[in-house]
>>> print(open('start30.txt').read())   # compact mmCIF, C-alpha atoms and all ligand atoms
# COMPACT_ATOMS: atom_id res chain seq x y z
CA MET N 1 0.00 0.00 0.00
CA TYR N 2 1.39 3.39 -1.04
CA GLN N 3 2.25 5.44 2.06
CA LEU N 4 1.03 9.04 2.03
CA LEU N 5 1.99 11.58 4.72
CA ASP N 6 -0.23 11.81 7.78
CA PRO N 7 -2.26 15.04 7.37
CA SER N 8 -3.11 15.14 11.07
CA ARG N 9 0.49 16.37 11.53
CA PHE N 10 0.04 19.27 9.13
CA VAL N 11 0.06 22.85 10.38
CA VAL N 12 -0.83 24.95 7.35
CA PHE N 13 -0.35 28.71 7.05
CA ILE N 14 -2.77 30.01 4.41
CA THR N 15 -2.89 33.48 2.89
CA GLY N 16 -6.20 34.44 1.31
CA ALA N 17 -8.29 32.04 3.39
CA THR N 18 -11.39 34.24 3.34
CA SER N 19 -12.69 32.84 0.06
CA GLY N 20 -12.04 30.58 -2.93
CA PHE N 21 -9.06 28.23 -2.89
CA GLY N 22 -7.77 29.39 0.49
CA ALA N 23 -11.05 28.78 2.32
CA ALA N 24 -11.58 25.45 0.54
CA ALA N 25 -8.04 24.36 1.40
CA ALA N 26 -8.61 25.29 5.06
CA ARG N 27 -11.70 23.05 5.08
CA ARG N 28 -9.82 20.23 3.33
CA TYR N 29 -6.88 20.23 5.75
CA VAL N 30 -9.10 20.43 8.83
CA ALA N 31 -11.30 17.61 7.49
CA ALA N 32 -8.14 15.50 7.30
CA GLY N 33 -7.19 16.32 10.90
CA GLY N 34 -4.72 19.12 10.25
CA LYS N 35 -4.44 22.54 11.84
CA VAL N 36 -4.73 25.76 9.86
CA ILE N 37 -3.66 29.36 10.31
CA ALA N 38 -6.20 31.21 8.21
CA THR N 39 -5.30 34.75 7.16
CA GLY N 40 -6.82 37.46 5.01
CA ARG N 41 -8.07 41.00 5.18
CA ARG N 42 -11.77 40.30 5.79
CA LYS N 43 -11.93 39.56 9.50
CA GLU N 44 -15.64 38.63 9.54
CA ARG N 45 -14.98 35.88 6.97
CA LEU N 46 -12.13 34.54 9.10
CA VAL N 47 -14.34 34.49 12.16
CA GLU N 48 -17.04 32.59 10.21
CA LEU N 49 -14.45 30.05 9.06
CA GLN N 50 -13.16 29.59 12.57
CA ASN N 51 -16.70 29.16 13.93
CA GLU N 52 -17.36 26.56 11.23
CA LEU N 53 -14.15 24.56 11.67
CA GLY N 54 -13.42 25.05 15.38
CA ALA N 55 -10.91 27.25 17.21
CA GLU N 56 -8.92 24.15 18.18
CA ASN N 57 -8.32 23.55 14.44
CA VAL N 58 -8.15 27.06 13.03
CA HIS N 59 -6.20 30.07 14.27
CA ILE N 60 -7.18 33.26 12.49
CA ALA N 61 -5.25 36.44 11.83
CA GLU N 62 -6.29 39.51 9.90
CA LEU N 63 -3.50 40.08 7.41
CA ASP N 64 -2.77 42.12 4.32
CA VAL N 65 0.15 40.41 2.58
CA GLN N 66 1.37 43.76 1.31
CA ASP N 67 2.34 44.57 4.90
CA ARG N 68 5.65 42.84 5.56
CA LYS N 69 5.82 43.74 9.24
CA ALA N 70 2.29 42.49 9.79
CA ILE N 71 3.29 39.06 8.43
CA ASP N 72 6.15 38.92 10.92
CA ALA N 73 3.80 40.01 13.72
CA VAL N 74 1.26 37.28 12.88
CA ILE N 75 3.99 34.64 12.95
CA ALA N 76 5.42 35.97 16.23
CA ALA N 77 1.98 35.89 17.89
CA LEU N 78 1.08 32.31 16.96
CA PRO N 79 -0.11 30.16 19.88
CA PRO N 80 2.28 27.24 20.54
CA GLU N 81 -0.10 24.64 19.06
CA PHE N 82 -0.06 26.53 15.72
CA ALA N 83 3.60 27.58 15.76
CA ASN N 84 5.16 24.54 14.12
CA ILE N 85 4.06 25.37 10.60
CA ASN N 86 5.05 22.72 8.05
CA ILE N 87 3.01 23.84 5.03
CA VAL N 88 2.74 27.35 3.63
CA LEU N 89 -0.01 28.01 1.11
CA ALA N 90 0.92 31.32 -0.53
CA ASN N 91 -2.42 31.78 -2.20
CA ALA N 92 -3.54 35.39 -1.71
CA GLY N 93 -3.78 37.14 -5.03
CA LEU N 94 -6.01 38.80 -7.53
CA ALA N 95 -6.55 39.97 -11.08
CA LEU N 96 -7.92 43.44 -11.74
CA GLY N 97 -9.37 44.33 -15.12
CA LEU N 98 -9.17 42.73 -18.54
CA GLN N 99 -8.68 45.78 -20.73
CA PRO N 100 -5.91 46.07 -23.31
CA ALA N 101 -2.69 47.20 -21.64
CA ALA N 102 -2.83 50.76 -22.97
CA GLU N 103 -6.25 51.27 -21.42
CA THR N 104 -5.72 49.83 -17.96
CA ASP N 105 -5.82 51.75 -14.73
CA ILE N 106 -2.21 51.90 -13.58
CA THR N 107 -3.30 51.48 -9.96
CA ASP N 108 -4.73 48.06 -10.90
CA TRP N 109 -1.28 47.06 -12.11
CA GLU N 110 0.24 48.41 -8.91
CA THR N 111 -2.18 46.44 -6.74
CA MET N 112 -1.58 43.18 -8.61
CA ILE N 113 2.19 43.60 -8.37
CA ALA N 114 2.00 44.57 -4.68
CA THR N 115 -0.17 41.56 -3.84
CA ASN N 116 0.77 38.74 -6.22
CA ILE N 117 4.49 39.50 -6.38
CA THR N 118 5.57 41.54 -3.38
CA GLY N 119 3.04 40.09 -0.93
CA LEU N 120 3.79 36.53 -1.99
CA ALA N 121 7.53 37.15 -1.76
CA TYR N 122 7.10 38.63 1.74
CA THR N 123 5.06 35.59 2.78
CA VAL N 124 7.61 33.10 1.53
CA ARG N 125 10.58 35.01 2.92
CA ALA N 126 8.97 35.32 6.36
CA LEU N 127 8.03 31.65 6.68
CA LEU N 128 10.82 29.78 4.88
CA PRO N 129 13.47 30.12 7.64
CA GLY N 130 11.08 28.53 10.15
CA LEU N 131 10.42 25.57 7.85
CA ILE N 132 14.15 25.02 7.44
CA ALA N 133 14.82 25.42 11.18
CA ARG N 134 12.13 22.85 12.00
CA GLY N 135 13.71 20.32 9.66
CA GLY N 136 11.56 20.71 6.58
CA GLY N 137 8.17 21.46 5.14
CA HIS N 138 6.34 22.44 1.98
CA ILE N 139 5.67 25.75 0.25
CA VAL N 140 2.76 25.76 -2.17
CA THR N 141 2.37 28.83 -4.34
CA LEU N 142 -0.64 29.76 -6.44
CA GLY N 143 0.41 30.42 -9.98
CA SER N 144 -1.95 30.24 -12.94
CA VAL N 145 -2.17 29.11 -16.54
CA ALA N 146 -1.96 32.89 -17.09
CA GLY N 147 1.69 32.62 -16.07
CA ASP N 148 2.27 30.18 -18.92
CA TYR N 149 0.03 31.35 -21.74
CA PRO N 150 -0.58 34.92 -22.84
CA TYR N 151 -4.14 36.10 -23.50
CA PRO N 152 -5.68 39.46 -24.40
CA GLY N 153 -5.97 41.60 -21.27
CA GLY N 154 -3.77 39.22 -19.26
CA SER N 155 -0.90 41.74 -19.23
CA VAL N 156 0.37 42.33 -15.69
CA TYR N 157 -1.78 39.62 -14.08
CA GLY N 158 -0.18 36.91 -16.22
CA ALA N 159 3.23 38.46 -15.66
CA THR N 160 2.78 38.28 -11.88
CA LYS N 161 1.97 34.59 -12.18
CA ALA N 162 5.05 34.01 -14.33
CA PHE N 163 7.00 35.56 -11.46
CA VAL N 164 5.37 33.16 -9.00
CA LYS N 165 6.28 30.17 -11.17
CA GLN N 166 9.90 31.21 -11.49
CA LEU N 167 10.20 32.05 -7.79
CA ALA N 168 8.89 28.59 -6.92
CA LEU N 169 11.39 26.92 -9.24
CA ASN N 170 14.26 29.06 -7.98
CA LEU N 171 13.30 28.30 -4.38
CA ARG N 172 13.72 24.62 -5.14
CA SER N 173 17.37 25.28 -5.91
CA ASP N 174 17.91 27.19 -2.70
CA VAL N 175 16.29 24.63 -0.39
CA GLN N 176 18.22 21.72 -1.83
CA GLY N 177 19.15 19.39 1.03
CA LYS N 178 16.84 21.13 3.51
CA ASN N 179 13.88 18.77 3.18
CA VAL N 180 11.67 21.60 1.96
CA ARG N 181 9.37 20.96 -0.98
CA VAL N 182 8.06 23.67 -3.31
CA THR N 183 5.05 23.30 -5.59
CA ASN N 184 3.49 25.84 -7.93
CA ILE N 185 -0.17 25.05 -8.59
CA GLU N 186 -1.29 26.54 -11.91
CA PRO N 187 -5.07 26.45 -12.32
CA GLY N 188 -7.14 27.55 -15.27
CA LEU N 189 -10.77 28.64 -15.24
CA THR N 190 -12.14 28.15 -11.72
CA GLU N 191 -15.32 29.67 -10.36
CA THR N 192 -14.57 31.56 -7.14
CA GLU N 193 -14.79 35.25 -6.24
CA PHE N 194 -11.81 35.76 -8.55
CA SER N 195 -13.93 37.06 -11.43
CA LEU N 196 -16.05 39.30 -9.18
CA VAL N 197 -12.83 40.89 -7.94
CA ARG N 198 -11.42 41.18 -11.46
CA PHE N 199 -14.56 43.01 -12.64
CA LYS N 200 -14.82 45.06 -9.45
CA GLY N 201 -18.15 43.75 -8.24
CA ASP N 202 -19.94 43.73 -11.64
CA GLU N 203 -21.85 40.46 -11.29
CA GLY N 204 -22.91 40.35 -14.95
CA LYS N 205 -19.34 40.61 -16.25
CA ALA N 206 -18.07 38.30 -13.51
CA ALA N 207 -20.48 35.52 -14.47
CA LYS N 208 -19.59 35.60 -18.20
CA PRO N 209 -16.43 33.43 -18.14
CA TYR N 210 -18.39 30.60 -16.49
CA GLU N 211 -21.57 30.83 -18.57
CA GLY N 212 -22.60 27.71 -20.47
CA THR N 213 -19.58 25.72 -19.39
CA LYS N 214 -18.34 23.64 -16.50
CA ALA N 215 -15.47 25.45 -14.86
CA MET N 216 -13.51 23.99 -11.96
CA ASN N 217 -14.48 25.02 -8.44
CA ALA N 218 -12.49 25.87 -5.31
CA GLU N 219 -12.78 22.33 -3.97
CA ASP N 220 -11.18 20.92 -7.14
CA ILE N 221 -8.10 23.05 -6.57
CA ALA N 222 -8.07 22.50 -2.79
CA GLU N 223 -7.98 18.77 -3.45
CA THR N 224 -5.06 19.21 -5.85
CA ILE N 225 -3.16 21.30 -3.32
CA PHE N 226 -3.92 18.80 -0.57
CA TRP N 227 -2.85 15.85 -2.70
CA SER N 228 0.48 17.42 -3.62
CA THR N 229 1.29 17.92 0.06
CA THR N 230 0.36 14.40 1.13
CA LEU N 231 2.78 12.70 -1.24
CA PRO N 232 5.75 11.06 0.51
CA ALA N 233 8.48 13.50 1.55
CA HIS N 234 10.86 12.29 -1.16
CA VAL N 235 8.43 13.34 -3.92
CA ASN N 236 8.25 16.97 -5.09
CA VAL N 237 5.64 18.15 -7.55
CA ASN N 238 7.37 21.16 -9.10
CA ARG N 239 4.52 22.57 -11.14
CA LEU N 240 0.99 21.35 -11.58
CA GLN N 241 -1.13 22.83 -14.34
CA VAL N 242 -4.83 22.05 -13.93
CA MET N 243 -7.59 23.05 -16.31
CA ALA N 244 -11.29 22.40 -16.62
CA THR N 245 -11.91 19.70 -19.19
CA THR N 246 -13.98 22.29 -21.04
CA GLN N 247 -10.99 24.66 -21.36
CA ALA N 248 -8.37 24.07 -24.05
CA PHE N 249 -6.09 25.99 -26.40
CA GLY N 250 -6.81 28.27 -29.33
CA PRO N 251 -4.72 29.11 -32.38
CA PHE N 252 -2.18 31.95 -32.60
CA ASP N 253 -3.79 35.23 -33.51
CA ILE N 254 -2.70 36.44 -36.96
CA TYR N 255 -3.47 40.04 -37.85
CA ARG N 256 -4.48 40.38 -41.53
CA GLU N 257 -4.77 43.63 -43.41
CA SER N 258 -7.85 42.65 -45.33
P1 LIG Q 301 -10.78 34.67 -4.50
O1 LIG Q 301 -11.02 36.07 -4.91
O2 LIG Q 301 -11.96 33.82 -4.17
O3 LIG Q 301 -9.78 34.64 -3.24
C1 LIG Q 301 -8.67 35.47 -3.20
C2 LIG Q 301 -8.15 35.54 -1.78
O4 LIG Q 301 -6.99 36.39 -1.76
C3 LIG Q 301 -9.15 36.12 -0.81
O5 LIG Q 301 -9.17 35.32 0.35
C4 LIG Q 301 -8.60 37.49 -0.49
O6 LIG Q 301 -8.87 37.81 0.86
C5 LIG Q 301 -7.10 37.25 -0.67
N1 LIG Q 301 -6.38 38.51 -0.87
C6 LIG Q 301 -6.44 39.37 -1.92
N2 LIG Q 301 -5.64 40.42 -1.70
C7 LIG Q 301 -5.06 40.21 -0.49
C8 LIG Q 301 -4.14 40.95 0.30
N3 LIG Q 301 -3.64 42.14 -0.10
N4 LIG Q 301 -3.74 40.43 1.48
C9 LIG Q 301 -4.24 39.26 1.91
N5 LIG Q 301 -5.11 38.52 1.23
C10 LIG Q 301 -5.52 39.01 0.04
O7 LIG Q 301 -9.93 34.02 -5.66
P2 LIG Q 301 -9.29 32.54 -5.83
O8 LIG Q 301 -9.49 31.72 -4.64
O9 LIG Q 301 -9.75 32.04 -7.13
O10 LIG Q 301 -7.77 32.94 -6.00
C11 LIG Q 301 -6.74 32.48 -5.13
C12 LIG Q 301 -5.43 32.51 -5.89
O11 LIG Q 301 -5.53 31.66 -7.02
C13 LIG Q 301 -5.06 33.88 -6.44
O12 LIG Q 301 -3.66 34.04 -6.30
C14 LIG Q 301 -5.44 33.80 -7.91
O13 LIG Q 301 -4.67 34.66 -8.72
C15 LIG Q 301 -5.14 32.34 -8.19
N6 LIG Q 301 -5.83 31.75 -9.33
C16 LIG Q 301 -7.20 31.80 -9.47
C17 LIG Q 301 -7.80 31.20 -10.56
C18 LIG Q 301 -9.27 31.25 -10.79
O14 LIG Q 301 -9.70 31.08 -11.96
N7 LIG Q 301 -10.11 31.41 -9.77
C19 LIG Q 301 -7.03 30.46 -11.55
C20 LIG Q 301 -5.60 30.50 -11.32
C21 LIG Q 301 -5.04 31.10 -10.24
P3 LIG Q 301 -9.28 39.26 1.42
O15 LIG Q 301 -9.93 40.00 0.32
O16 LIG Q 301 -10.19 38.96 2.56
O17 LIG Q 301 -7.97 39.82 1.88
C1 LIG Q 302 -6.87 32.79 -13.36
C2 LIG Q 302 -7.13 32.08 -14.64
O1 LIG Q 302 -7.38 32.41 -17.16
O2 LIG Q 302 -8.56 33.96 -15.72
O3 LIG Q 302 -5.53 32.86 -13.07
O4 LIG Q 302 -6.20 34.11 -15.97
S1 LIG Q 302 -7.33 33.21 -15.91
>>> encode(input="start30.txt", output="structure tokens")
Amino acid sequence: MYQLLDPSRFVVFITGATSGFGAAAARRYVAAGGKVIATGRRKERLVELQNELGAENVHIAELDVQDRKAIDAVIAALPPEFANINIVLANAGLALGLQPAAETDITDWETMIATNITGLAYTVRALLPGLIARGGGHIVTLGSVAGDYPYPGGSVYGATKAFVKQLALNLRSDVQGKNVRVTNIEPGLTETEFSLVRFKGDEGKAAKPYEGTKAMNAEDIAETIFWSTTLPAHVNVNRLQVMATTQAFGPFDIYRES
């Protein structure tokens, strides 16, 4: 019988646990007996999650990943039973807008860079030394198919996810021999609050990408994340690209004068 890791020993630090993949992953780990540190900016969502899953299983902390000192403060204030983190799920992130690059709001670009790049880098940098000091662990980053394939309007969002992919791969080199695994999960179309955020609360526009098709949902990705972390310690999934069966590839776009 193939021997998976025992998830009841997992202590998982999750950024962006107030919705989507992060919340679904929190539920998945707790269902398997693990403990979760659930973070995000929306405190009321964190409280709801904690009430649902139990304070003995979930520690919550209001956190904006753009605030480097706040990440350090959350780590420093962890109760002893949540302090021995062995999995980091660097998930917090967002897309804003889908306009052509020349028409975007520059502050949208700034927010995506500050969250998906800087915030994720802060998260990893703050938690990696602890993993190494405790003898090992696993960092899971949330990339995207947008970090692999260009698409109209993808501009800075896709570029931030290309950063995440390369950071994850580079981290692997730096943790060689430290018993730390690094996995970049790269989902495609998945129905969460992602689209509502991208279209700034416009429910009509947000629903469009999912209309008439079967997209993935947050639980699909949570299961993928969970699976990658339960594999035996000698197995490292570097990158995992996951798409809805209904999503595939189109041809190159050729501009023709007539
Ligand atoms: P959601 O919008 O449902 O969740 C995003 C989470 O990120 C929320 O919990 C939000 O919490 C958190 N977040 C955003 N900004 C910050 C911040 N500054 N500090 C802390 N937390 C923040 O989207 P998903 O669950 O779909 O997205 C999760 C990740 O997966 C993102 O990185 C996204 O880019 C990526 N992804 C999503 C795909 C999709 O199709 N859904 C596909 C591929 C990748 P709060 O607002 O409370 O702070
Ligand atoms: C989210 C998937 O295709 O909307 O990263 O960029 S996509």
>>> closest_residue(input="start30.txt", among="N:Leu128, N:Val175, N:Ala207, N:Ala244", to="Val145 in chain N", atoms="all atoms listed in the file")
N:Ala244
>>> residues_around(input="start30.txt", residues="Arg181 in chain N", least_positions_apart="2", cutoff="7 Å", atoms="all atoms listed in the file", output="PDB file with C-alpha atoms, in the frame of the given file")
ATOM      1  CA  GLY N 137       8.170  21.460   5.140  1.00  0.00           C
ATOM      2  CA  HIS N 138       6.340  22.440   1.980  1.00  0.00           C
ATOM      3  CA  ILE N 139       5.670  25.750   0.250  1.00  0.00           C
ATOM      4  CA  ASN N 179      13.880  18.770   3.180  1.00  0.00           C
ATOM      5  CA  THR N 183       5.050  23.300  -5.590  1.00  0.00           C
ATOM      6  CA  ASN N 236       8.250  16.970  -5.090  1.00  0.00           C
TER       7      ASN N 236
END
>>> closest_atom_pairs(input="start30.txt", of="chain N", to="ligand LIG 302 (chain Q)", cutoff="6 Å", atoms="only C-alpha atoms and all ligand atoms", output="tab-separated table")
residue	atom	partner	partner_atom	distance
N:Ser144	CA	Q:LIG302	O3	4.4
N:Ala146	CA	Q:LIG302	O4	4.6
N:Gly188	CA	Q:LIG302	C2	4.6
N:Leu189	CA	Q:LIG302	C2	5.0
>>> closest_residue(input="start30.txt", among="N:Pro232, N:Thr115, N:Lys69, N:Tyr149", to="Gly250 in chain N", atoms="all atoms listed in the file")
N:Tyr149
>>> atom_distance(input="start30.txt", atom1="atom O7 of ligand LIG 301 (chain Q)", atom2="CA of Ala31 in chain N")
21.1 Å
>>> closest_residue(input="start30.txt", among="N:Glu103, N:Thr15, N:Leu171, N:Ala121", to="Asp64 in chain N", atoms="all atoms listed in the file")
N:Thr15
>>> residues_near_ligand(input="start30.txt", ligand="ligand LIG 301 (chain Q)", cutoff="8 Å", atoms="all atoms listed in the file", output="PDB file with C-alpha atoms, in the frame of the given file")
ATOM      1  CA  THR N  15      -2.890  33.480   2.890  1.00  0.00           C
ATOM      2  CA  GLY N  16      -6.200  34.440   1.310  1.00  0.00           C
ATOM      3  CA  ALA N  17      -8.290  32.040   3.390  1.00  0.00           C
ATOM      4  CA  THR N  18     -11.390  34.240   3.340  1.00  0.00           C
ATOM      5  CA  SER N  19     -12.690  32.840   0.060  1.00  0.00           C
ATOM      6  CA  GLY N  20     -12.040  30.580  -2.930  1.00  0.00           C
ATOM      7  CA  PHE N  21      -9.060  28.230  -2.890  1.00  0.00           C
ATOM      8  CA  GLY N  22      -7.770  29.390   0.490  1.00  0.00           C
ATOM      9  CA  ALA N  23     -11.050  28.780   2.320  1.00  0.00           C
ATOM     10  CA  THR N  39      -5.300  34.750   7.160  1.00  0.00           C
ATOM     11  CA  GLY N  40      -6.820  37.460   5.010  1.00  0.00           C
ATOM     12  CA  ARG N  41      -8.070  41.000   5.180  1.00  0.00           C
ATOM     13  CA  ARG N  42     -11.770  40.300   5.790  1.00  0.00           C
ATOM     14  CA  LYS N  43     -11.930  39.560   9.500  1.00  0.00           C
ATOM     15  CA  ARG N  45     -14.980  35.880   6.970  1.00  0.00           C
ATOM     16  CA  LEU N  63      -3.500  40.080   7.410  1.00  0.00           C
ATOM     17  CA  ASP N  64      -2.770  42.120   4.320  1.00  0.00           C
ATOM     18  CA  VAL N  65       0.150  40.410   2.580  1.00  0.00           C
ATOM     19  CA  GLN N  66       1.370  43.760   1.310  1.00  0.00           C
ATOM     20  CA  ALA N  90       0.920  31.320  -0.530  1.00  0.00           C
ATOM     21  CA  ASN N  91      -2.420  31.780  -2.200  1.00  0.00           C
ATOM     22  CA  ALA N  92      -3.540  35.390  -1.710  1.00  0.00           C
ATOM     23  CA  GLY N  93      -3.780  37.140  -5.030  1.00  0.00           C
ATOM     24  CA  LEU N  94      -6.010  38.800  -7.530  1.00  0.00           C
ATOM     25  CA  ALA N  95      -6.550  39.970 -11.080  1.00  0.00           C
ATOM     26  CA  ALA N 114       2.000  44.570  -4.680  1.00  0.00           C
ATOM     27  CA  THR N 115      -0.170  41.560  -3.840  1.00  0.00           C
ATOM     28  CA  ASN N 116       0.770  38.740  -6.220  1.00  0.00           C
ATOM     29  CA  GLY N 119       3.040  40.090  -0.930  1.00  0.00           C
ATOM     30  CA  LEU N 142      -0.640  29.760  -6.440  1.00  0.00           C
ATOM     31  CA  GLY N 143       0.410  30.420  -9.980  1.00  0.00           C
ATOM     32  CA  SER N 144      -1.950  30.240 -12.940  1.00  0.00           C
ATOM     33  CA  VAL N 145      -2.170  29.110 -16.540  1.00  0.00           C
ATOM     34  CA  ALA N 146      -1.960  32.890 -17.090  1.00  0.00           C
ATOM     35  CA  TYR N 157      -1.780  39.620 -14.080  1.00  0.00           C
ATOM     36  CA  LYS N 161       1.970  34.590 -12.180  1.00  0.00           C
ATOM     37  CA  ILE N 185      -0.170  25.050  -8.590  1.00  0.00           C
ATOM     38  CA  GLU N 186      -1.290  26.540 -11.910  1.00  0.00           C
ATOM     39  CA  PRO N 187      -5.070  26.450 -12.320  1.00  0.00           C
ATOM     40  CA  GLY N 188      -7.140  27.550 -15.270  1.00  0.00           C
ATOM     41  CA  LEU N 189     -10.770  28.640 -15.240  1.00  0.00           C
ATOM     42  CA  THR N 190     -12.140  28.150 -11.720  1.00  0.00           C
ATOM     43  CA  GLU N 191     -15.320  29.670 -10.360  1.00  0.00           C
ATOM     44  CA  THR N 192     -14.570  31.560  -7.140  1.00  0.00           C
ATOM     45  CA  GLU N 193     -14.790  35.250  -6.240  1.00  0.00           C
ATOM     46  CA  PHE N 194     -11.810  35.760  -8.550  1.00  0.00           C
ATOM     47  CA  SER N 195     -13.930  37.060 -11.430  1.00  0.00           C
ATOM     48  CA  LEU N 196     -16.050  39.300  -9.180  1.00  0.00           C
ATOM     49  CA  VAL N 197     -12.830  40.890  -7.940  1.00  0.00           C
ATOM     50  CA  ASN N 217     -14.480  25.020  -8.440  1.00  0.00           C
ATOM     51  CA  ALA N 218     -12.490  25.870  -5.310  1.00  0.00           C
TER      52      ALA N 218
END
>>> atom_distance(input="start30.txt", atom1="CA of Thr245 in chain N", atom2="CA of Pro150 in chain N")
19.3 Å
>>> atom_distance(input="start30.txt", atom1="CA of Phe226 in chain N", atom2="CA of Tyr29 in chain N")
7.1 Å
>>> residues_around(input="start30.txt", residues="Pro129 in chain N", least_positions_apart="6", cutoff="12 Å", atoms="only C-alpha atoms", output="PyMOL selection string")
chain N and resi 72+75+84-86+88+123+135-139+174-175+178+180
>>> residues_around(input="start30.txt", residues="range 104-107 of chain N", least_positions_apart="5", cutoff="10 Å", atoms="all atoms listed in the file", output="number ranges by chain")
N: 96-99, 112-113, 153, 155-156
>>> residues_around(input="start30.txt", residues="Lys208 in chain N", least_positions_apart="2", cutoff="12 Å", atoms="only C-alpha atoms", output="mmCIF file with C-alpha atoms, in the frame of the given file")
data_model
loop_
_atom_site.group_PDB
_atom_site.id
_atom_site.type_symbol
_atom_site.label_atom_id
_atom_site.label_comp_id
_atom_site.auth_asym_id
_atom_site.auth_seq_id
_atom_site.Cartn_x
_atom_site.Cartn_y
_atom_site.Cartn_z
ATOM 1 C CA LEU N 189 -10.770 28.640 -15.240
ATOM 2 C CA GLU N 191 -15.320 29.670 -10.360
ATOM 3 C CA SER N 195 -13.930 37.060 -11.430
ATOM 4 C CA LEU N 196 -16.050 39.300 -9.180
ATOM 5 C CA ARG N 198 -11.420 41.180 -11.460
ATOM 6 C CA PHE N 199 -14.560 43.010 -12.640
ATOM 7 C CA ASP N 202 -19.940 43.730 -11.640
ATOM 8 C CA GLU N 203 -21.850 40.460 -11.290
ATOM 9 C CA GLY N 204 -22.910 40.350 -14.950
ATOM 10 C CA LYS N 205 -19.340 40.610 -16.250
ATOM 11 C CA ALA N 206 -18.070 38.300 -13.510
ATOM 12 C CA TYR N 210 -18.390 30.600 -16.490
ATOM 13 C CA GLU N 211 -21.570 30.830 -18.570
ATOM 14 C CA GLY N 212 -22.600 27.710 -20.470
ATOM 15 C CA THR N 213 -19.580 25.720 -19.390
ATOM 16 C CA ALA N 215 -15.470 25.450 -14.860
#
